[in-house]
>>> print(open('model37.cif').read())   # mmCIF, C-alpha atoms
data_start
loop_
_atom_site.label_atom_id
_atom_site.label_comp_id
_atom_site.auth_asym_id
_atom_site.auth_seq_id
_atom_site.Cartn_x
_atom_site.Cartn_y
_atom_site.Cartn_z
CA MET E 1 24.07 -35.76 18.46
CA PRO E 2 25.61 -37.94 15.77
CA ALA E 3 25.46 -36.50 12.26
CA ASN E 4 24.81 -39.90 10.69
CA VAL E 5 21.44 -40.56 12.35
CA GLY E 6 18.45 -39.91 10.11
CA PRO E 7 18.30 -37.66 7.03
CA VAL E 8 20.70 -34.71 6.84
CA PHE E 9 19.32 -31.30 5.89
CA PRO E 10 21.47 -28.17 5.39
CA GLU E 11 19.43 -26.27 7.98
CA THR E 12 19.70 -29.01 10.63
CA VAL E 13 21.82 -28.13 13.64
CA PHE E 14 23.53 -30.99 15.46
CA PHE E 15 25.86 -31.52 18.41
CA ASP E 16 28.85 -33.86 18.04
CA ILE E 17 29.70 -34.87 21.61
CA THR E 18 32.74 -36.60 23.10
CA ILE E 19 33.56 -37.36 26.73
CA ASP E 20 37.26 -37.75 27.53
CA GLY E 21 37.79 -38.17 23.79
CA ILE E 22 35.21 -40.95 23.27
CA ASN E 23 32.14 -40.30 21.14
CA LEU E 24 28.85 -40.23 23.03
CA ASN E 25 26.03 -42.07 21.24
CA SER E 26 22.26 -42.21 21.68
CA THR E 27 21.78 -38.65 22.83
CA ILE E 28 18.07 -37.86 22.92
CA ARG E 29 18.22 -34.20 23.88
CA ALA E 30 20.80 -31.54 24.62
CA SER E 31 21.07 -27.82 25.19
CA ILE E 32 23.62 -25.07 25.71
CA THR E 33 22.79 -21.98 27.73
CA HIS E 34 25.00 -18.99 28.33
CA ALA E 35 24.88 -15.52 29.86
CA VAL E 36 27.50 -12.78 30.13
CA ASN E 37 29.90 -12.97 33.08
CA GLY E 38 29.14 -16.64 33.64
CA ALA E 39 29.87 -20.17 32.48
CA ARG E 40 28.28 -21.89 29.53
CA THR E 41 26.13 -24.79 30.65
CA PHE E 42 25.70 -27.95 28.59
CA ASN E 43 22.83 -30.28 29.54
CA CYS E 44 22.56 -33.68 27.90
CA THR E 45 20.38 -36.78 28.21
CA VAL E 46 21.52 -40.18 26.86
CA THR E 47 19.90 -43.62 26.63
CA ASN E 48 22.78 -45.94 25.73
CA LYS E 49 23.76 -47.74 28.95
CA GLU E 50 27.23 -48.37 27.55
CA SER E 51 27.67 -44.60 27.47
CA PHE E 52 26.60 -44.21 31.10
CA THR E 53 30.09 -45.22 32.29
CA LEU E 54 31.59 -42.28 30.33
CA CYS E 55 29.39 -39.78 32.14
CA LYS E 56 31.31 -39.39 35.37
CA LEU E 57 31.96 -36.37 37.53
CA GLY E 58 35.04 -34.46 36.43
CA ALA E 59 35.09 -35.92 32.91
CA GLU E 60 35.84 -33.44 30.12
CA VAL E 61 33.08 -32.88 27.58
CA GLU E 62 33.72 -31.48 24.11
CA VAL E 63 30.79 -30.40 21.96
CA ASN E 64 31.12 -29.34 18.34
CA ILE E 65 28.08 -27.66 16.86
CA GLY E 66 27.41 -28.11 13.16
CA ARG E 67 24.81 -27.46 10.50
CA GLY E 68 23.98 -30.21 8.03
CA ASN E 69 27.04 -32.41 8.57
CA LEU E 70 30.48 -32.58 10.18
CA SER E 71 32.07 -30.59 7.36
CA ASN E 72 29.98 -27.56 8.36
CA LEU E 73 31.12 -27.13 11.95
CA ILE E 74 30.52 -23.75 13.54
CA ASP E 75 34.15 -23.39 14.57
CA ASP E 76 33.71 -20.47 16.96
CA LYS E 77 31.08 -22.18 19.12
CA LYS E 78 32.96 -25.23 20.43
CA PHE E 79 32.07 -26.09 24.02
CA ILE E 80 34.67 -27.61 26.33
CA GLY E 81 33.69 -28.20 29.93
CA ILE E 82 33.65 -30.45 32.96
CA ILE E 83 30.77 -32.65 34.13
CA LYS E 84 29.57 -31.22 37.43
CA ASP E 85 26.26 -33.04 37.97
CA ILE E 86 24.81 -36.46 37.04
CA LYS E 87 21.21 -37.66 37.34
CA PRO E 88 20.95 -41.39 36.50
CA LYS E 89 17.60 -43.12 36.12
CA GLN E 90 16.63 -46.64 35.09
CA ASP E 91 16.87 -46.18 31.32
CA ILE E 92 18.34 -42.71 30.83
CA LEU E 93 21.05 -40.54 32.28
CA ALA E 94 21.22 -36.74 32.34
CA PHE E 95 24.35 -34.75 33.06
CA THR E 96 25.36 -31.11 33.28
CA ALA E 97 28.76 -29.76 32.26
CA LEU E 98 30.09 -26.25 32.80
CA ASP E 99 32.82 -24.55 30.79
CA TYR E 100 36.18 -23.61 32.32
CA THR E 101 34.75 -20.44 33.90
CA THR E 102 33.61 -22.79 36.64
CA PHE E 103 37.24 -23.15 37.77
CA LEU E 104 37.28 -19.43 38.63
CA ALA E 105 34.16 -19.81 40.79
CA GLU E 106 35.53 -22.88 42.58
CA SER E 107 39.13 -21.72 42.92
CA GLN E 108 41.14 -21.67 46.10
CA TYR E 109 40.67 -18.35 47.87
CA VAL E 110 43.31 -15.71 47.14
CA PHE E 111 44.23 -12.80 49.40
CA TYR E 112 44.24 -9.79 47.08
CA LYS E 113 46.44 -7.04 48.54
CA ALA E 114 45.81 -3.42 47.59
CA GLN E 115 49.53 -2.64 47.26
CA ASP E 116 49.87 -5.32 44.59
CA TYR E 117 47.17 -3.84 42.34
CA ILE E 118 46.77 -0.07 42.83
CA GLY E 119 47.53 1.66 39.53
CA GLU E 120 47.16 -1.48 37.42
CA ASP E 121 44.57 -1.53 34.63
CA LEU E 122 41.43 -3.39 35.80
CA TYR E 123 41.40 -5.29 32.51
CA PHE E 124 44.83 -6.81 33.02
CA ALA E 125 44.23 -7.54 36.72
CA ALA E 126 41.12 -9.52 35.74
CA ALA E 127 43.04 -11.22 32.92
CA ARG E 128 45.71 -12.43 35.37
CA ALA E 129 43.03 -13.86 37.64
CA CYS E 130 41.53 -15.73 34.64
CA ASP E 131 44.88 -17.33 33.78
CA TYR E 132 44.05 -20.48 35.73
CA LYS E 133 43.52 -24.23 35.24
CA GLY E 134 43.92 -24.19 31.47
CA ILE E 135 41.84 -21.11 30.64
CA ASP E 136 43.36 -19.49 27.54
CA THR E 137 43.91 -15.74 28.11
CA SER E 138 45.90 -15.09 24.93
CA LYS E 139 43.22 -12.74 23.54
CA LEU E 140 43.20 -10.49 26.61
CA VAL E 141 45.59 -7.80 25.36
CA ARG E 142 43.44 -4.69 24.88
CA GLY E 143 43.23 -2.95 28.26
CA SER E 144 40.40 -0.76 29.56
CA GLY E 145 42.23 2.42 30.52
CA ILE E 146 40.71 2.28 34.03
CA PRO E 147 43.35 2.11 36.80
CA ILE E 148 42.71 0.39 40.10
CA THR E 149 42.32 2.74 43.07
CA LYS E 150 42.36 2.01 46.79
CA ASP E 151 38.64 2.76 47.23
CA MET E 152 37.56 -0.04 44.86
CA ASP E 153 36.04 -3.11 46.51
CA LEU E 154 38.62 -5.53 45.11
CA PHE E 155 40.77 -6.52 48.03
CA GLY E 156 40.81 -9.19 50.71
CA TRP E 157 40.02 -12.91 50.51
CA LYS E 158 38.15 -13.76 47.29
CA THR E 159 37.79 -16.57 44.79
CA ARG E 160 39.17 -15.74 41.39
CA LYS E 161 35.67 -15.22 40.00
CA GLU E 162 34.74 -12.92 42.88
CA PHE E 163 37.81 -10.84 42.08
CA VAL E 164 37.06 -10.82 38.34
CA ASP E 165 33.42 -9.85 39.00
CA ALA E 166 34.59 -7.05 41.30
CA CYS E 167 36.90 -5.78 38.54
CA PHE E 168 34.08 -5.81 35.99
CA ASP E 169 31.76 -4.00 38.40
CA GLU E 170 34.27 -1.14 38.15
CA MET E 171 34.80 -1.47 34.39
CA LYS E 172 32.17 1.04 33.35
CA ILE E 173 33.07 3.89 31.02
CA VAL E 174 31.28 7.23 30.73
CA VAL E 175 31.48 8.45 27.13
CA ASN E 176 30.88 12.00 25.93
CA ASP E 177 31.54 12.43 22.22
CA ASP E 178 29.65 13.23 19.03
CA ARG E 179 28.87 9.54 18.41
CA HIS E 180 27.01 8.90 21.68
CA PRO E 181 24.24 10.50 23.74
CA THR E 182 25.52 12.63 26.61
CA ASN E 183 26.95 10.59 29.50
CA THR E 184 26.58 7.24 27.78
CA ILE E 185 27.71 4.36 30.01
CA LYS E 186 29.45 1.40 28.42
CA GLN E 187 29.96 -1.76 30.48
CA TRP E 188 32.70 -4.37 29.97
CA GLN E 189 31.60 -8.03 30.05
CA TYR E 190 33.39 -11.38 29.90
CA ALA E 191 32.75 -14.95 28.80
CA ILE E 192 34.34 -18.02 27.22
CA LEU E 193 32.72 -17.98 23.79
CA ASN E 194 34.70 -20.80 22.22
CA GLY E 195 36.61 -23.73 23.69
CA LYS E 196 38.74 -22.59 26.65
CA THR E 197 39.43 -19.05 25.41
CA MET E 198 38.36 -16.23 27.73
CA GLU E 199 37.22 -13.01 26.06
CA PHE E 200 36.51 -9.51 27.40
CA PHE E 201 34.20 -7.38 25.26
CA LEU E 202 32.62 -3.92 25.34
CA PRO E 203 29.23 -3.70 23.57
CA ASP E 204 28.58 -0.25 22.11
CA GLN E 205 24.87 -0.23 21.34
CA TYR E 206 24.48 3.53 21.83
CA ASN E 207 27.02 4.45 19.14
CA THR E 208 25.31 6.32 16.30
CA ILE E 209 27.56 4.40 13.93
CA ASN E 210 27.00 0.78 14.92
CA PHE E 211 26.80 -2.38 12.89
CA PRO E 212 24.18 -4.84 14.16
CA VAL E 213 24.78 -8.43 13.05
CA LEU E 214 21.05 -8.80 12.39
CA THR E 215 17.93 -6.65 12.11
CA VAL E 216 14.90 -8.38 13.61
CA SER E 217 11.71 -7.10 11.99
CA GLU E 218 8.53 -8.11 10.23
CA ASP E 219 9.97 -6.82 6.95
CA ASN E 220 12.84 -9.29 7.26
CA ASN E 221 10.43 -12.18 7.94
CA ASN E 222 12.28 -13.14 11.12
CA LEU E 223 9.85 -11.68 13.62
CA LEU E 224 6.56 -13.29 14.64
CA ASP E 225 4.39 -12.23 17.56
CA GLU E 226 5.03 -15.47 19.42
CA ASN E 227 8.80 -15.17 18.86
CA ILE E 228 9.42 -12.05 20.92
CA VAL E 229 8.64 -11.29 24.54
CA SER E 230 9.44 -7.87 26.00
CA GLN E 231 10.42 -7.49 29.63
CA ILE E 232 9.97 -4.02 31.05
CA ASP E 233 11.75 -3.22 34.32
CA THR E 234 10.26 -0.17 36.00
CA THR E 235 12.15 -0.57 39.29
CA ARG E 236 14.76 2.05 38.35
CA ILE E 237 12.42 4.74 37.01
CA ILE E 238 12.91 8.22 38.47
CA ASN E 239 10.77 11.10 37.20
CA ALA E 240 10.89 13.41 40.24
CA ILE E 241 14.30 14.13 41.74
CA THR E 242 15.52 16.12 44.73
CA VAL E 243 19.26 16.73 45.01
CA VAL E 244 20.51 18.30 48.24
CA GLY E 245 23.97 19.82 48.62
CA LYS E 246 26.28 20.07 51.62
CA GLU E 247 23.68 22.17 53.45
CA GLU E 248 20.00 21.17 53.63
CA ASP E 249 18.72 24.53 52.32
CA VAL E 250 20.83 24.22 49.17
CA TYR E 251 18.88 21.92 46.86
CA VAL E 252 17.33 21.47 43.42
CA GLN E 253 14.09 19.68 42.43
CA LEU E 254 13.18 18.59 38.90
CA GLU E 255 10.31 16.56 37.42
CA ASP E 256 9.49 15.01 34.06
CA SER E 257 5.75 15.38 33.40
CA ASP E 258 5.71 13.10 30.35
CA SER E 259 7.23 10.21 32.30
CA GLN E 260 4.83 10.87 35.18
CA ARG E 261 1.83 10.66 32.83
CA LYS E 262 3.02 7.24 31.64
CA TYR E 263 4.21 5.68 34.88
CA GLY E 264 2.96 7.83 37.75
CA VAL E 265 5.12 9.94 40.04
CA ILE E 266 8.27 8.10 41.14
CA GLY E 267 10.50 10.28 43.28
CA ASN E 268 14.07 9.92 44.46
CA PHE E 269 16.26 11.79 46.92
CA LEU E 270 20.03 12.04 46.88
CA THR E 271 22.80 14.19 48.24
CA TYR E 272 25.79 15.63 46.38
CA PRO E 273 28.84 17.26 48.00
CA THR E 274 28.60 20.83 46.70
CA LEU E 275 27.11 24.20 47.55
CA ASP E 276 26.84 25.22 43.88
CA LYS E 277 23.21 25.10 42.73
CA ASN E 278 24.31 24.94 39.10
CA VAL E 279 26.16 21.70 39.82
CA LEU E 280 23.15 20.30 41.68
CA TYR E 281 20.90 21.21 38.75
CA ASP E 282 23.25 19.49 36.32
CA VAL E 283 23.29 16.31 38.45
CA ALA E 284 19.49 16.33 38.80
CA TYR E 285 19.01 16.87 35.06
CA ARG E 286 21.36 14.03 34.12
CA VAL E 287 19.82 11.57 36.58
CA LEU E 288 16.30 12.44 35.46
CA ASN E 289 17.13 11.95 31.79
CA ARG E 290 18.96 8.68 32.45
CA PHE E 291 16.23 7.06 34.59
CA LYS E 292 12.91 8.54 33.44
CA GLU E 293 12.15 5.54 31.20
CA PRO E 294 12.04 1.81 32.09
CA THR E 295 14.79 -0.62 31.22
CA ILE E 296 13.57 -2.81 28.36
CA SER E 297 14.93 -6.21 27.40
CA TYR E 298 13.67 -8.85 25.00
CA SER E 299 13.61 -12.61 24.62
CA LEU E 300 13.79 -13.57 20.95
CA SER E 301 13.38 -16.92 19.22
CA LEU E 302 15.28 -16.72 15.94
CA PRO E 303 15.74 -19.35 13.22
CA ASN E 304 19.14 -20.19 11.75
CA ALA E 305 20.98 -17.71 13.97
CA ASP E 306 23.76 -19.93 15.34
CA TYR E 307 26.42 -17.34 14.42
CA ILE E 308 25.05 -14.83 16.94
CA ASP E 309 26.94 -14.75 20.24
CA LEU E 310 27.19 -12.80 23.48
CA GLY E 311 28.06 -9.15 22.93
CA HIS E 312 26.73 -9.05 19.38
CA LEU E 313 24.32 -6.21 18.60
CA LEU E 314 20.80 -6.84 17.31
CA GLU E 315 18.55 -4.17 15.86
CA ILE E 316 14.93 -4.72 16.86
CA GLU E 317 12.04 -3.18 14.95
CA VAL E 318 8.66 -3.96 16.50
CA PRO E 319 5.37 -2.09 16.15
CA THR E 320 5.33 -1.18 19.86
CA LEU E 321 8.58 0.79 19.51
CA THR E 322 8.44 4.30 18.09
CA LYS E 323 11.93 3.72 16.69
CA SER E 324 14.21 0.73 16.33
CA ALA E 325 16.34 -0.31 19.29
CA VAL E 326 19.89 -1.63 19.08
CA LEU E 327 20.66 -3.93 22.01
CA PRO E 328 23.45 -6.38 22.90
CA VAL E 329 22.98 -10.12 23.29
CA VAL E 330 23.39 -10.93 26.99
CA GLY E 331 22.32 -14.59 26.94
CA TYR E 332 21.11 -17.46 24.78
CA ASP E 333 19.66 -20.96 24.96
CA ILE E 334 20.12 -23.51 22.17
CA SER E 335 18.07 -26.67 22.68
CA ILE E 336 17.77 -29.70 20.42
CA ASP E 337 15.55 -32.79 20.63
CA ASP E 338 13.13 -33.47 17.78
CA LYS E 339 13.74 -29.89 16.62
CA VAL E 340 16.19 -27.06 17.24
CA SER E 341 15.19 -23.83 18.94
CA THR E 342 17.40 -20.90 19.81
CA THR E 343 16.33 -18.13 22.16
CA PHE E 344 18.36 -14.97 22.72
CA GLN E 345 18.15 -12.50 25.57
CA VAL E 346 18.98 -8.94 24.58
CA GLY E 347 18.89 -5.95 26.85
CA GLN E 348 20.28 -2.75 28.26
CA THR E 349 22.96 -2.51 30.90
CA LYS E 350 21.41 -1.88 34.30
CA VAL E 351 23.13 0.84 36.32
CA THR E 352 22.02 1.99 39.77
CA VAL E 353 21.63 5.66 40.63
CA LYS E 354 24.61 5.45 43.00
CA GLU E 355 26.80 3.92 40.30
CA TYR E 356 25.69 6.61 37.88
CA ILE E 357 26.46 9.44 40.31
CA ASP E 358 29.85 7.90 41.12
CA LEU E 359 30.67 7.71 37.41
CA LEU E 360 29.60 11.29 36.78
CA SER E 361 31.94 12.50 39.53
CA LYS E 362 34.97 10.80 37.90
CA PRO E 363 36.78 11.62 34.64
CA THR E 364 34.88 10.52 31.54
CA ASP E 365 37.93 8.68 30.16
CA ARG E 366 38.02 6.20 33.07
#
>>> encode(input="model37.cif", output="structure tokens")
Amino acid sequence: MPANVGPVFPETVFFDITIDGINLNSTIRASITHAVNGARTFNCTVTNKESFTLCKLGAEVEVNIGRGNLSNLIDDKKFIGIIKDIKPKQDILAFTALDYTTFLAESQYVFYKAQDYIGEDLYFAAARACDYKGIDTSKLVRGSGIPITKDMDLFGWKTRKEFVDACFDEMKIVVNDDRHPTNTIKQWQYAILNGKTMEFFLPDQYNTINFPVLTVSEDNNNLLDENIVSQIDTTRIINAITVVGKEEDVYVQLEDSDSQRKYGVIGNFLTYPTLDKNVLYDVAYRVLNRFKEPTISYSLSLPNADYIDLGHLLEIEVPTLTKSAVLPVVGYDISIDDKVSTTFQVGQTKVTVKEYIDLLSKPTDR
């Protein structure tokens, strides 16, 4: 939205929009939404009929976000994308543009051969797949330390995004050190956060030494009852577990009575390839402790928080929590019409029991 329309206030967020290099006027509403492992989406509605001709499929949209005026651009939030959908009406036109991640989803299919990738770091294999149609991969230099193996579901005919998603499905790390709870799982994620630059990041919310970018609490005057909605996912709760070894009469059963009092009895059965009851007990104990509580995520409406992005850590202090929770940002929605509102989704990484068991059976430095 043009910065020169109406009074300018330091706290006012605006969008400066161009299509194929030409400024777009008379925007009446716009929004940007984003979630990890996906494309940013820019939705815009305009009223100037002269601008309608600019809004064509395949046109490149550039959006600079600012606060107050053009001299206060938020440089690390530039959106660059391609118009993928147009909805014209008599007096207005709405269009949707997606960032360059969309090229990965719509790419020509590639036949990924196991012999070309076995032994390569998953991080760099995914980075090579992202090096496509102008996506900038210059920041992808870190590596994950997880080599590709033949049993990973990476090979065959896939789009580039299908291959990247398959790589990230495997890019989970089990951490056991004095800075994390036992068997902490960290999950790599990816996104274009600015312009055309792809980034891979590894949120570390369980680290005892972490640095949240913001603490959301009543004491900080940034938390109101209507501004936070908790979402509790009980589908993965396990508080009664039976683990059976190679023979049916070799098994271990454990229960967590406190979890059962809260949520009822929720049992689970799994097998593990051993005849050692101590190993079965260890597996049962770890699974029970990992899944005895629900997965909790939050939707937060925060003022003046444009600097917060995917992967950033937020500390949440609400009366319903016995202690504060540190959670990563996994999505956001910035919308602007007669006012600006920004909603963030923060939450825990969801891991299935099978994924957890598979990770426990592999080296913790994977």
>>> residues_around(input="model37.cif", residues="Tyr206 (chain E)", least_positions_apart="5", cutoff="8 Å", atoms="all atoms listed in the file", output="list of chain:residue names")
E:His180, E:Pro181, E:Thr184, E:Val326
>>> closest_atom_pairs(input="model37.cif", of="region 71-105 of chain E", to="region 131-141 of chain E", cutoff="12 Å", atoms="all atoms listed in the file", output="Markdown table")
| residue | atom | partner | partner_atom | distance |
| --- | --- | --- | --- | --- |
| E:Ile80 | CA | E:Ile135 | CA | 10.6 |
| E:Gly81 | CA | E:Ile135 | CA | 10.8 |
| E:Ile82 | CA | E:Lys133 | CA | 11.9 |
| E:Asp99 | CA | E:Ile135 | CA | 9.7 |
| E:Tyr100 | CA | E:Ile135 | CA | 6.4 |
| E:Thr101 | CA | E:Ile135 | CA | 7.8 |
| E:Thr102 | CA | E:Lys133 | CA | 10.1 |
| E:Phe103 | CA | E:Lys133 | CA | 6.9 |
| E:Leu104 | CA | E:Tyr132 | CA | 7.4 |
| E:Ala105 | CA | E:Tyr132 | CA | 11.1 |
>>> atom_distance(input="model37.cif", atom1="CA of Ile336 (chain E)", atom2="CA of Leu314 (chain E)")
23.3 Å
>>> residues_near_point(input="model37.cif", point="(41.9, 2.3, 43.2)", cutoff="10 Å", atoms="all atoms listed in the file", output="JSON, numbers by chain")
{"E": [114, 115, 117, 118, 119, 120, 121, 122, 146, 147, 148, 149, 150, 151, 152, 153, 154, 170]}
>>> closest_residue(input="model37.cif", among="E:Thr295, E:Asn37, E:Asn278, E:Asn183", to="Phe201 (chain E)", atoms="all atoms listed in the file")
E:Asn37
>>> resolve_selection(input="model37.cif", expression="the PyMOL selection byres ((chain E and resi 246-256) around 7)", output="PyMOL selection string")
chain E and resi 239-245+257-260+272-275+277+280-281+284
>>> residues_near_point(input="model37.cif", point="(28.4, -2.6, 33.1)", cutoff="12 Å", atoms="only C-alpha atoms", output="PyMOL selection string")
chain E and resi 36-37+165-174+184-190+201-204+328+330+347-352+355-356+359
>>> resolve_selection(input="model37.cif", expression="the PyMOL selection byres ((chain E and resi 90-93) around 10)", output="JSON, numbers by chain")
{"E": [26, 27, 28, 44, 45, 46, 47, 48, 49, 51, 52, 55, 86, 87, 88, 89, 94, 95]}
